[in-house]
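What's in run-v8.cif: mmCIF, C-alpha atoms
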```
data_work
loop_
_atom_site.label_atom_id
_atom_site.label_comp_id
_atom_site.auth_asym_id
_atom_site.auth_seq_id
_atom_site.Cartn_x
_atom_site.Cartn_y
_atom_site.Cartn_z
CA MET A 1 10.41 4.62 33.58
CA ASP A 2 7.92 7.32 34.50
CA LEU A 3 4.65 7.94 32.71
CA GLU A 4 5.93 11.12 31.06
CA GLU A 5 8.79 9.21 29.43
CA ARG A 6 6.55 6.37 28.32
CA VAL A 7 4.20 8.80 26.58
CA GLN A 8 7.14 10.67 25.06
CA ARG A 9 8.41 7.41 23.58
CA LEU A 10 5.04 6.63 21.97
CA GLU A 11 4.84 10.20 20.63
CA ALA A 12 8.34 9.91 19.18
CA ILE A 13 7.52 6.59 17.49
CA GLU A 14 4.39 8.13 15.95
CA ALA A 15 6.26 11.26 14.82
CA ILE A 16 9.00 9.16 13.16
CA ARG A 17 6.43 6.88 11.55
CA ARG A 18 4.67 9.96 10.12
CA LEU A 19 7.99 11.33 8.87
CA LYS A 20 8.56 8.19 6.82
CA ILE A 21 5.03 8.30 5.39
CA ALA A 22 5.45 11.99 4.56
CA TYR A 23 8.64 11.05 2.69
CA ALA A 24 6.67 8.38 0.79
CA ARG A 25 3.88 10.80 -0.11
CA VAL A 26 6.22 13.50 -1.42
CA ALA A 27 8.10 10.87 -3.44
CA ASP A 28 4.79 9.70 -4.92
CA ASP A 29 3.79 13.29 -5.67
CA GLY A 30 6.70 13.84 -8.08
CA TYR A 31 9.86 13.65 -5.93
CA ASP A 32 10.11 17.41 -5.24
CA GLY A 33 13.70 17.79 -4.08
CA ASP A 34 13.09 20.77 -1.81
CA ARG A 35 10.17 19.17 0.00
CA ILE A 36 11.86 15.79 0.35
CA SER A 37 15.25 17.11 1.48
CA ALA A 38 13.47 19.03 4.25
CA PHE A 39 12.84 15.65 5.93
CA PHE A 40 16.62 15.20 6.35
CA THR A 41 19.20 16.79 8.64
CA GLU A 42 21.74 19.11 7.00
CA ASP A 43 24.43 16.43 7.27
CA ALA A 44 22.19 13.49 6.35
CA VAL A 45 23.33 10.57 4.21
CA TRP A 46 21.04 8.84 1.68
CA ASP A 47 22.80 5.59 0.93
CA GLY A 48 21.42 3.79 -2.11
CA GLY A 49 24.30 1.31 -2.27
CA GLU A 50 25.86 0.28 -5.57
CA SER A 51 22.68 0.84 -7.55
CA PHE A 52 21.78 4.37 -6.50
CA GLY A 53 24.96 5.68 -4.91
CA VAL A 54 25.68 7.56 -1.70
CA HIS A 55 24.44 11.14 -1.39
CA ARG A 56 25.81 13.25 1.45
CA GLY A 57 24.13 16.40 2.75
CA ARG A 58 20.72 17.95 2.24
CA ALA A 59 21.73 19.69 -1.01
CA ALA A 60 22.99 16.45 -2.59
CA ILE A 61 19.82 14.67 -1.50
CA LYS A 62 17.70 17.42 -3.07
CA ALA A 63 19.61 17.11 -6.35
CA LEU A 64 19.20 13.34 -6.32
CA PHE A 65 15.42 13.53 -5.94
CA ASP A 66 15.00 16.38 -8.42
CA GLY A 67 16.56 14.08 -11.03
CA ILE A 68 14.45 11.01 -10.31
CA PRO A 69 11.24 11.89 -12.26
CA GLU A 70 13.24 11.78 -15.53
CA GLN A 71 13.20 8.01 -15.12
CA ILE A 72 10.49 7.26 -12.57
CA SER A 73 7.29 8.83 -13.86
CA PHE A 74 5.00 7.03 -11.38
CA ALA A 75 5.53 5.36 -8.02
CA LEU A 76 3.56 4.35 -4.96
CA HIS A 77 5.66 3.82 -1.85
CA TYR A 78 3.88 1.32 0.41
CA MET A 79 5.87 1.70 3.66
CA VAL A 80 5.20 -1.31 5.85
CA GLY A 81 6.26 -3.10 9.01
CA GLN A 82 8.26 -0.50 10.87
CA THR A 83 10.56 -1.19 13.82
CA ILE A 84 11.43 2.09 15.55
CA ASP A 85 13.81 2.28 18.50
CA VAL A 86 14.04 5.62 20.27
CA ASP A 87 16.81 6.91 22.57
CA LEU A 88 15.01 9.80 24.21
CA ALA A 89 18.00 11.02 26.20
CA ALA A 90 20.19 11.19 23.10
CA GLY A 91 17.41 12.61 20.91
CA SER A 92 18.07 9.92 18.32
CA ALA A 93 16.38 6.84 16.92
CA THR A 94 16.78 4.02 14.44
CA GLY A 95 14.15 2.55 12.15
CA HIS A 96 13.73 -0.45 9.92
CA TRP A 97 11.05 -0.50 7.22
CA TYR A 98 9.82 -2.64 4.37
CA LEU A 99 8.87 -0.96 1.10
CA TRP A 100 6.70 -2.37 -1.68
CA ALA A 101 6.80 -0.06 -4.69
CA PRO A 102 4.94 -0.46 -7.97
CA MET A 103 6.59 2.04 -10.33
CA THR A 104 6.77 3.12 -13.93
CA ILE A 105 10.45 3.36 -14.88
CA ASN A 106 11.32 4.47 -18.42
CA ASN A 107 7.69 3.81 -19.30
CA ALA A 108 7.77 0.18 -18.13
CA ALA A 109 5.76 -1.25 -15.23
CA THR A 110 8.27 -2.18 -12.54
CA LEU A 111 8.07 -3.74 -9.07
CA GLY A 112 10.49 -2.70 -6.33
CA ALA A 113 11.11 -4.50 -3.03
CA ILE A 114 13.30 -2.62 -0.59
CA THR A 115 14.12 -2.53 3.08
CA TYR A 116 15.43 0.56 4.84
CA ASP A 117 17.83 1.00 7.74
CA ASP A 118 17.20 4.55 8.92
CA GLU A 119 18.67 6.81 11.56
CA TYR A 120 16.85 9.86 12.92
CA ARG A 121 17.67 12.88 15.07
CA ASN A 122 15.42 15.22 16.96
CA VAL A 123 16.35 18.72 15.80
CA GLU A 124 14.69 21.44 17.86
CA GLY A 125 11.64 19.30 18.49
CA THR A 126 11.29 17.88 14.98
CA TRP A 127 12.35 14.36 14.04
CA LEU A 128 14.44 14.26 10.84
CA ALA A 129 16.22 11.48 8.97
CA SER A 130 19.98 11.63 9.46
CA ARG A 131 20.70 8.48 7.48
CA MET A 132 18.66 6.36 5.12
CA ARG A 133 20.21 3.11 3.88
CA VAL A 134 18.29 1.56 0.98
CA ASN A 135 18.65 -2.22 0.64
CA ILE A 136 17.32 -3.37 -2.72
CA HIS A 137 15.90 -6.89 -2.82
CA PHE A 138 14.61 -6.63 -6.35
CA ILE A 139 13.63 -4.05 -8.94
CA THR A 140 12.11 -6.13 -11.67
CA PRO A 141 10.13 -5.51 -14.84
CA TYR A 142 6.54 -6.38 -14.01
CA GLU A 143 6.38 -8.91 -16.85
CA ASP A 144 9.58 -10.68 -15.77
CA GLY A 145 9.37 -11.20 -12.02
CA TRP A 146 12.28 -11.27 -9.57
CA VAL A 147 13.65 -14.72 -10.38
CA LYS A 148 14.07 -14.00 -14.07
CA THR A 149 15.30 -10.41 -13.58
CA PRO A 150 16.08 -9.47 -9.96
CA MET A 151 17.60 -6.10 -10.87
CA LEU A 152 16.93 -3.78 -13.78
CA PRO A 153 20.07 -3.22 -15.83
CA GLY A 154 21.56 0.28 -15.56
CA MET B 1 2.22 21.79 26.20
CA ALA B 2 -0.90 19.68 26.33
CA SER B 3 -1.63 17.75 29.50
CA LEU B 4 -0.50 14.15 29.80
CA GLU B 5 -4.17 13.11 29.70
CA ASP B 6 -4.68 14.99 26.40
CA ARG B 7 -1.50 13.53 24.89
CA VAL B 8 -2.56 9.98 25.71
CA GLN B 9 -6.05 10.74 24.37
CA LEU B 10 -4.53 11.80 21.04
CA LEU B 11 -2.53 8.57 20.75
CA GLU B 12 -5.64 6.56 21.62
CA ASP B 13 -7.71 8.43 19.03
CA ILE B 14 -5.13 7.74 16.31
CA GLU B 15 -5.15 4.04 17.22
CA ALA B 16 -8.97 3.91 17.27
CA ILE B 17 -9.18 5.53 13.81
CA ARG B 18 -6.51 3.16 12.48
CA ARG B 19 -8.52 0.19 13.79
CA LEU B 20 -11.71 1.55 12.19
CA LYS B 21 -10.02 1.51 8.78
CA ILE B 22 -8.72 -2.03 9.30
CA ARG B 23 -12.20 -3.14 10.39
CA TYR B 24 -13.55 -1.65 7.16
CA ALA B 25 -10.93 -3.62 5.22
CA ARG B 26 -11.74 -6.88 6.98
CA LEU B 27 -15.47 -6.49 6.38
CA CYS B 28 -14.79 -5.86 2.70
CA ASP B 29 -12.59 -8.94 2.53
CA THR B 30 -15.18 -11.19 4.17
CA GLY B 31 -18.05 -10.53 1.78
CA TYR B 32 -18.91 -6.80 1.88
CA ASP B 33 -21.79 -7.03 4.36
CA GLY B 34 -23.62 -3.76 3.68
CA GLY B 35 -25.20 -3.46 7.12
CA LYS B 36 -21.95 -3.97 9.00
CA LEU B 37 -20.00 -1.66 6.70
CA ALA B 38 -22.63 1.07 6.82
CA ALA B 39 -22.43 1.02 10.62
CA LEU B 40 -18.86 2.34 10.35
CA PHE B 41 -20.17 5.55 8.71
CA THR B 42 -22.07 8.52 10.10
CA GLU B 43 -25.70 8.88 8.99
CA ASP B 44 -24.75 11.72 6.63
CA ALA B 45 -21.51 10.19 5.39
CA VAL B 46 -20.29 10.40 1.80
CA TRP B 47 -18.44 7.58 0.01
CA ASP B 48 -16.80 9.18 -3.01
CA GLY B 49 -15.51 6.69 -5.58
CA GLY B 50 -14.93 9.38 -8.18
CA LYS B 51 -15.94 9.11 -11.80
CA GLU B 52 -15.18 5.39 -11.86
CA PHE B 53 -17.40 4.29 -9.00
CA GLY B 54 -19.66 7.21 -8.23
CA VAL B 55 -20.69 9.05 -5.10
CA GLN B 56 -22.93 7.56 -2.40
CA ASN B 57 -24.62 9.95 0.00
CA GLY B 58 -25.77 8.70 3.39
CA ARG B 59 -25.47 5.50 5.35
CA GLY B 60 -28.35 3.81 3.51
CA ALA B 61 -26.86 4.39 0.07
CA ILE B 62 -23.44 3.25 1.26
CA GLY B 63 -24.84 0.01 2.69
CA ALA B 64 -26.76 -0.73 -0.51
CA MET B 65 -23.64 -0.19 -2.61
CA PHE B 66 -21.63 -2.65 -0.54
CA ASP B 67 -24.41 -5.25 -0.57
CA ASP B 68 -24.19 -5.25 -4.38
CA MET B 69 -20.42 -5.35 -4.53
CA SER B 70 -19.85 -9.03 -3.82
CA ASN B 71 -21.80 -10.05 -6.95
CA ASP B 72 -18.87 -9.19 -9.20
CA LEU B 73 -16.08 -8.75 -6.68
CA THR B 74 -15.71 -12.32 -5.43
CA PHE B 75 -12.34 -11.94 -3.73
CA ALA B 76 -10.36 -9.03 -2.35
CA LEU B 77 -7.63 -8.34 0.17
CA HIS B 78 -7.39 -4.74 1.35
CA TYR B 79 -3.84 -4.03 2.50
CA MET B 80 -4.33 -0.71 4.31
CA ILE B 81 -0.93 0.91 4.65
CA GLY B 82 0.89 4.08 5.58
CA HIS B 83 -1.69 6.10 7.46
CA THR B 84 -1.38 9.78 8.29
CA ILE B 85 -4.02 10.71 10.87
CA ASP B 86 -4.59 14.27 12.01
CA VAL B 87 -7.00 14.69 14.91
CA ASP B 88 -8.59 18.11 15.26
CA PRO B 89 -7.75 19.91 18.53
CA SER B 90 -11.44 19.58 19.44
CA GLY B 91 -10.90 15.81 19.64
CA THR B 92 -14.19 15.16 17.83
CA SER B 93 -13.12 15.18 14.18
CA ALA B 94 -10.11 13.98 12.23
CA LYS B 95 -8.65 13.58 8.76
CA ALA B 96 -6.74 10.59 7.48
CA HIS B 97 -4.75 9.56 4.42
CA TRP B 98 -4.09 5.92 3.54
CA TYR B 99 -2.51 3.79 0.87
CA LEU B 100 -4.34 0.67 -0.33
CA TRP B 101 -2.81 -2.27 -2.20
CA GLU B 102 -5.58 -4.60 -3.27
CA PRO B 103 -5.34 -7.86 -5.19
CA MET B 104 -8.88 -8.82 -6.19
CA THR B 105 -10.96 -11.09 -8.40
CA TYR B 106 -13.53 -9.16 -10.41
CA GLN B 107 -15.85 -11.03 -12.76
CA GLY B 108 -13.43 -13.97 -12.64
CA ARG B 109 -10.36 -11.93 -13.51
CA ALA B 110 -7.29 -11.28 -11.35
CA ILE B 111 -6.99 -7.51 -10.87
CA LEU B 112 -4.47 -5.32 -9.04
CA ASN B 113 -5.85 -2.14 -7.51
CA ALA B 114 -3.80 0.77 -6.16
CA ILE B 115 -5.73 3.46 -4.31
CA THR B 116 -5.09 6.28 -1.89
CA TYR B 117 -7.82 7.48 0.48
CA ASP B 118 -8.64 10.87 1.89
CA ASP B 119 -10.93 10.17 4.82
CA GLU B 120 -12.78 12.36 7.29
CA HIS B 121 -13.94 11.19 10.69
CA ARG B 122 -16.30 12.27 13.42
CA LYS B 123 -16.53 10.98 16.96
CA VAL B 124 -20.17 10.14 17.68
CA ASP B 125 -21.13 9.06 21.21
CA GLY B 126 -17.52 8.21 21.96
CA GLU B 127 -17.01 6.17 18.79
CA TRP B 128 -14.97 7.19 15.75
CA LEU B 129 -16.85 6.84 12.44
CA PHE B 130 -16.22 7.74 8.81
CA SER B 131 -18.00 10.92 7.73
CA ARG B 132 -16.34 10.91 4.31
CA MET B 133 -14.21 8.48 2.33
CA ALA B 134 -12.75 9.69 -0.97
CA LEU B 135 -10.88 7.28 -3.25
CA THR B 136 -8.16 8.19 -5.72
CA PHE B 137 -7.45 5.40 -8.19
CA HIS B 138 -3.82 5.18 -9.30
CA PHE B 139 -4.40 2.02 -11.29
CA LEU B 140 -6.94 -0.79 -11.55
CA THR B 141 -5.28 -3.19 -13.90
CA PRO B 142 -5.76 -6.77 -15.05
CA TYR B 143 -2.95 -8.80 -13.49
CA GLU B 144 -1.79 -9.96 -16.93
CA ASP B 145 -1.47 -6.39 -18.23
CA GLY B 146 0.16 -4.21 -15.57
CA TRP B 147 -0.49 -0.49 -15.10
CA VAL B 148 1.44 0.81 -18.09
CA LYS B 149 -0.44 -1.30 -20.60
CA THR B 150 -3.87 -0.87 -18.89
CA ARG B 151 -4.01 1.75 -16.16
CA MET B 152 -7.76 1.50 -15.58
CA VAL B 153 -9.66 -1.63 -16.57
CA THR B 154 -12.81 0.52 -16.46
CA ASP B 155 -11.54 2.49 -19.48
CA GLY B 156 -11.55 -0.60 -21.67
#
```

Could I get this file's structure written as structure tokens?
Amino acid sequence: MDLEERVQRLEAIEAIRRLKIAYARVADDGYDGDRISAFFTEDAVWDGGESFGVHRGRAAIKALFDGIPEQISFALHYMVGQTIDVDLAAGSATGHWYLWAPMTINNAATLGAITYDDEYRNVEGTWLASRMRVNIHFITPYEDGWVKTPMLPG
Amino acid sequence: MASLEDRVQLLEDIEAIRRLKIRYARLCDTGYDGGKLAALFTEDAVWDGGKEFGVQNGRGAIGAMFDDMSNDLTFALHYMIGHTIDVDPSGTSAKAHWYLWEPMTYQGRAILNAITYDDEHRKVDGEWLFSRMALTFHFLTPYEDGWVKTRMVTDG
């Protein structure tokens, strides 16, 4: 692989890492649907599984996030331990992340542990998320812990 | 497009600034040595802990603050996470944003601390330093309470 390609790969990894952190920061700043959906491709899928449902397309993703602050009044998304694999020729990439999220849900202190399986596409020079799969390990009331209550009801 | 040399320089600067923040964390977690911590800041640096922890102006004041910290703060782990680092085109200054998750023992009590940082950096004689570190406290709660019951232990 030539030097140009090696540098391009490192630049792509950094750009995708920043994209995920930007997503975290907008989420933590009140989940603005317009700002957060701009990190996704038009045809992106946000897949929250059985708990949070599957949301297809930028408009559906915007609507999802605009509705979140009704329940989640505070969150900090600690995005950790990324694995990012880039296919430069295809202009696509995959990412795996860990998330640690202290939150306030319905006015109760809550701890969330999630991993993500992401897919990304380079659209006119900008990396965007084309798929975000959210794997929930626990979302537990702070006072309970994940053995007693691994998943909040509802 | 920037030259290959400039593009590699940018990636190296980001990594050097990331390492600086982790070095800061490790020095905090191994006893808050004021002299070593102050050396990570420019002479005219500002450490801004807001209304909770005050503002320290200059390397001397910052070192003195850290030397006092280990009296009450007997244990801490600074998990520095999720950096966004923007290096100025000049290559001699930068801005950074970080998340911190910090379990600590303060005056014998288990405390959970959640902070975000807005940092500013300058490159001095080839070395990246902090010229400003501003802390935003999201919660600083006794472990037994959680952040809904007691958002800031300093309020109590």

* To do: Apply the PyMOL selection byres ((chain B) within 12 of (chain A)) to the displayed file and report the matching residues as JSON, numbers by chain.
  => {"B": [2, 3, 4, 5, 6, 7, 8, 9, 10, 11, 12, 14, 15, 79, 80, 81, 82, 83, 84, 85, 86, 96, 97, 98, 99, 100, 101, 102, 112, 113, 114, 115, 116, 137, 138, 139, 141, 143, 144, 145, 146, 147, 148, 149, 150, 151]}

* To do: Could you expand the PyMOL selection byres ((chain A and resi 53-62) around 12) into the explicit residues it covers here, written as a ChimeraX atom specification?
  => /A:27,31-52,63-68,128-135

* Do you have the atom CA of A:Ile139-atom CA of A:Tyr120 distance handy? -> 26.1 Å

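We find atom CA of B:Gly49 and atom CA of B:Ala134 to be spaced 6.2 Å apart.
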
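Within 6 Å of A:Ile114, once only C-alpha atoms are used and residues closer than 6 positions along the same chain are dropped, the contacting residues are Leu99, Asn135, Ile136 and His137 of chain A.
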
Since the input is missing atoms, can you rebuild N, CA and C atoms for stretch 66-100 of chain B and write them as a PDB file, keeping the file's coordinate frame?
```pdb
ATOM      1  N   PHE B  66     -22.482  -1.535  -0.955  1.00  0.00           N
ATOM      2  CA  PHE B  66     -21.630  -2.650  -0.540  1.00  0.00           C
ATOM      3  C   PHE B  66     -22.361  -3.990  -0.677  1.00  0.00           C
ATOM      4  N   ASP B  67     -23.661  -3.998  -0.414  1.00  0.00           N
ATOM      5  CA  ASP B  67     -24.410  -5.250  -0.570  1.00  0.00           C
ATOM      6  C   ASP B  67     -24.349  -5.765  -2.003  1.00  0.00           C
ATOM      7  N   ASP B  68     -24.261  -4.840  -2.967  1.00  0.00           N
ATOM      8  CA  ASP B  68     -24.190  -5.250  -4.380  1.00  0.00           C
ATOM      9  C   ASP B  68     -22.795  -5.660  -4.813  1.00  0.00           C
ATOM     10  N   MET B  69     -21.794  -5.246  -4.037  1.00  0.00           N
ATOM     11  CA  MET B  69     -20.420  -5.350  -4.530  1.00  0.00           C
ATOM     12  C   MET B  69     -19.952  -6.791  -4.694  1.00  0.00           C
ATOM     13  N   SER B  70     -20.401  -7.684  -3.785  1.00  0.00           N
ATOM     14  CA  SER B  70     -19.850  -9.030  -3.820  1.00  0.00           C
ATOM     15  C   SER B  70     -20.370  -9.860  -4.997  1.00  0.00           C
ATOM     16  N   ASN B  71     -21.349  -9.320  -5.761  1.00  0.00           N
ATOM     17  CA  ASN B  71     -21.800 -10.050  -6.950  1.00  0.00           C
ATOM     18  C   ASN B  71     -20.663 -10.225  -7.945  1.00  0.00           C
ATOM     19  N   ASP B  72     -19.959  -9.154  -8.216  1.00  0.00           N
ATOM     20  CA  ASP B  72     -18.870  -9.190  -9.200  1.00  0.00           C
ATOM     21  C   ASP B  72     -17.495  -9.312  -8.562  1.00  0.00           C
ATOM     22  N   LEU B  73     -17.377  -8.773  -7.345  1.00  0.00           N
ATOM     23  CA  LEU B  73     -16.080  -8.750  -6.680  1.00  0.00           C
ATOM     24  C   LEU B  73     -16.042  -9.934  -5.703  1.00  0.00           C
ATOM     25  N   THR B  74     -15.573 -11.074  -6.197  1.00  0.00           N
ATOM     26  CA  THR B  74     -15.710 -12.320  -5.430  1.00  0.00           C
ATOM     27  C   THR B  74     -14.573 -12.551  -4.461  1.00  0.00           C
ATOM     28  N   PHE B  75     -13.484 -11.814  -4.633  1.00  0.00           N
ATOM     29  CA  PHE B  75     -12.340 -11.940  -3.730  1.00  0.00           C
ATOM     30  C   PHE B  75     -11.594 -10.622  -3.691  1.00  0.00           C
ATOM     31  N   ALA B  76     -11.198 -10.231  -2.483  1.00  0.00           N
ATOM     32  CA  ALA B  76     -10.360  -9.030  -2.350  1.00  0.00           C
ATOM     33  C   ALA B  76      -9.579  -9.114  -1.047  1.00  0.00           C
ATOM     34  N   LEU B  77      -8.386  -8.576  -1.064  1.00  0.00           N
ATOM     35  CA  LEU B  77      -7.630  -8.340   0.170  1.00  0.00           C
ATOM     36  C   LEU B  77      -7.211  -6.885   0.188  1.00  0.00           C
ATOM     37  N   HIS B  78      -7.683  -6.173   1.208  1.00  0.00           N
ATOM     38  CA  HIS B  78      -7.390  -4.740   1.350  1.00  0.00           C
ATOM     39  C   HIS B  78      -6.194  -4.557   2.281  1.00  0.00           C
ATOM     40  N   TYR B  79      -5.024  -4.339   1.697  1.00  0.00           N
ATOM     41  CA  TYR B  79      -3.840  -4.030   2.500  1.00  0.00           C
ATOM     42  C   TYR B  79      -3.831  -2.524   2.746  1.00  0.00           C
ATOM     43  N   MET B  80      -4.279  -2.123   3.928  1.00  0.00           N
ATOM     44  CA  MET B  80      -4.330  -0.710   4.310  1.00  0.00           C
ATOM     45  C   MET B  80      -2.993  -0.318   4.941  1.00  0.00           C
ATOM     46  N   ILE B  81      -2.342   0.656   4.348  1.00  0.00           N
ATOM     47  CA  ILE B  81      -0.930   0.910   4.650  1.00  0.00           C
ATOM     48  C   ILE B  81      -0.667   2.403   4.771  1.00  0.00           C
ATOM     49  N   GLY B  82       0.293   2.746   5.610  1.00  0.00           N
ATOM     50  CA  GLY B  82       0.890   4.080   5.580  1.00  0.00           C
ATOM     51  C   GLY B  82      -0.066   5.197   5.928  1.00  0.00           C
ATOM     52  N   HIS B  83      -0.714   5.087   7.087  1.00  0.00           N
ATOM     53  CA  HIS B  83      -1.690   6.100   7.460  1.00  0.00           C
ATOM     54  C   HIS B  83      -1.028   7.365   7.993  1.00  0.00           C
ATOM     55  N   THR B  84      -1.686   8.489   7.676  1.00  0.00           N
ATOM     56  CA  THR B  84      -1.380   9.780   8.290  1.00  0.00           C
ATOM     57  C   THR B  84      -2.690  10.259   8.890  1.00  0.00           C
ATOM     58  N   ILE B  85      -2.769  10.343  10.201  1.00  0.00           N
ATOM     59  CA  ILE B  85      -4.020  10.710  10.870  1.00  0.00           C
ATOM     60  C   ILE B  85      -3.820  11.993  11.654  1.00  0.00           C
ATOM     61  N   ASP B  86      -4.632  12.984  11.315  1.00  0.00           N
ATOM     62  CA  ASP B  86      -4.590  14.270  12.010  1.00  0.00           C
ATOM     63  C   ASP B  86      -5.890  14.467  12.765  1.00  0.00           C
ATOM     64  N   VAL B  87      -5.809  14.478  14.077  1.00  0.00           N
ATOM     65  CA  VAL B  87      -7.000  14.690  14.910  1.00  0.00           C
ATOM     66  C   VAL B  87      -7.126  16.173  15.198  1.00  0.00           C
ATOM     67  N   ASP B  88      -8.311  16.704  14.976  1.00  0.00           N
ATOM     68  CA  ASP B  88      -8.590  18.110  15.260  1.00  0.00           C
ATOM     69  C   ASP B  88      -8.406  18.379  16.760  1.00  0.00           C
ATOM     70  N   PRO B  89      -7.916  19.582  17.105  1.00  0.00           N
ATOM     71  CA  PRO B  89      -7.750  19.910  18.530  1.00  0.00           C
ATOM     72  C   PRO B  89      -9.027  19.710  19.356  1.00  0.00           C
ATOM     73  N   SER B  90     -10.191  19.804  18.706  1.00  0.00           N
ATOM     74  CA  SER B  90     -11.440  19.580  19.440  1.00  0.00           C
ATOM     75  C   SER B  90     -11.556  18.131  19.920  1.00  0.00           C
ATOM     76  N   GLY B  91     -10.835  17.223  19.263  1.00  0.00           N
ATOM     77  CA  GLY B  91     -10.900  15.810  19.640  1.00  0.00           C
ATOM     78  C   GLY B  91     -12.143  15.106  19.130  1.00  0.00           C
ATOM     79  N   THR B  92     -12.943  15.782  18.294  1.00  0.00           N
ATOM     80  CA  THR B  92     -14.190  15.160  17.830  1.00  0.00           C
ATOM     81  C   THR B  92     -14.230  14.972  16.317  1.00  0.00           C
ATOM     82  N   SER B  93     -13.197  15.429  15.614  1.00  0.00           N
ATOM     83  CA  SER B  93     -13.120  15.180  14.180  1.00  0.00           C
ATOM     84  C   SER B  93     -11.660  14.940  13.809  1.00  0.00           C
ATOM     85  N   ALA B  94     -11.471  14.318  12.649  1.00  0.00           N
ATOM     86  CA  ALA B  94     -10.110  13.980  12.230  1.00  0.00           C
ATOM     87  C   ALA B  94     -10.085  13.812  10.726  1.00  0.00           C
ATOM     88  N   LYS B  95      -8.864  13.882  10.164  1.00  0.00           N
ATOM     89  CA  LYS B  95      -8.650  13.580   8.760  1.00  0.00           C
ATOM     90  C   LYS B  95      -7.588  12.491   8.667  1.00  0.00           C
ATOM     91  N   ALA B  96      -7.712  11.673   7.626  1.00  0.00           N
ATOM     92  CA  ALA B  96      -6.740  10.590   7.480  1.00  0.00           C
ATOM     93  C   ALA B  96      -6.405  10.386   6.009  1.00  0.00           C
ATOM     94  N   HIS B  97      -5.185   9.957   5.758  1.00  0.00           N
ATOM     95  CA  HIS B  97      -4.750   9.560   4.420  1.00  0.00           C
ATOM     96  C   HIS B  97      -4.168   8.148   4.513  1.00  0.00           C
ATOM     97  N   TRP B  98      -4.543   7.317   3.551  1.00  0.00           N
ATOM     98  CA  TRP B  98      -4.090   5.920   3.540  1.00  0.00           C
ATOM     99  C   TRP B  98      -3.687   5.504   2.138  1.00  0.00           C
ATOM    100  N   TYR B  99      -2.803   4.529   2.096  1.00  0.00           N
ATOM    101  CA  TYR B  99      -2.510   3.790   0.870  1.00  0.00           C
ATOM    102  C   TYR B  99      -3.238   2.445   0.923  1.00  0.00           C
ATOM    103  N   LEU B 100      -3.751   2.012  -0.223  1.00  0.00           N
ATOM    104  CA  LEU B 100      -4.340   0.670  -0.330  1.00  0.00           C
ATOM    105  C   LEU B 100      -3.685  -0.090  -1.480  1.00  0.00           C
TER     106      LEU B 100
END
```
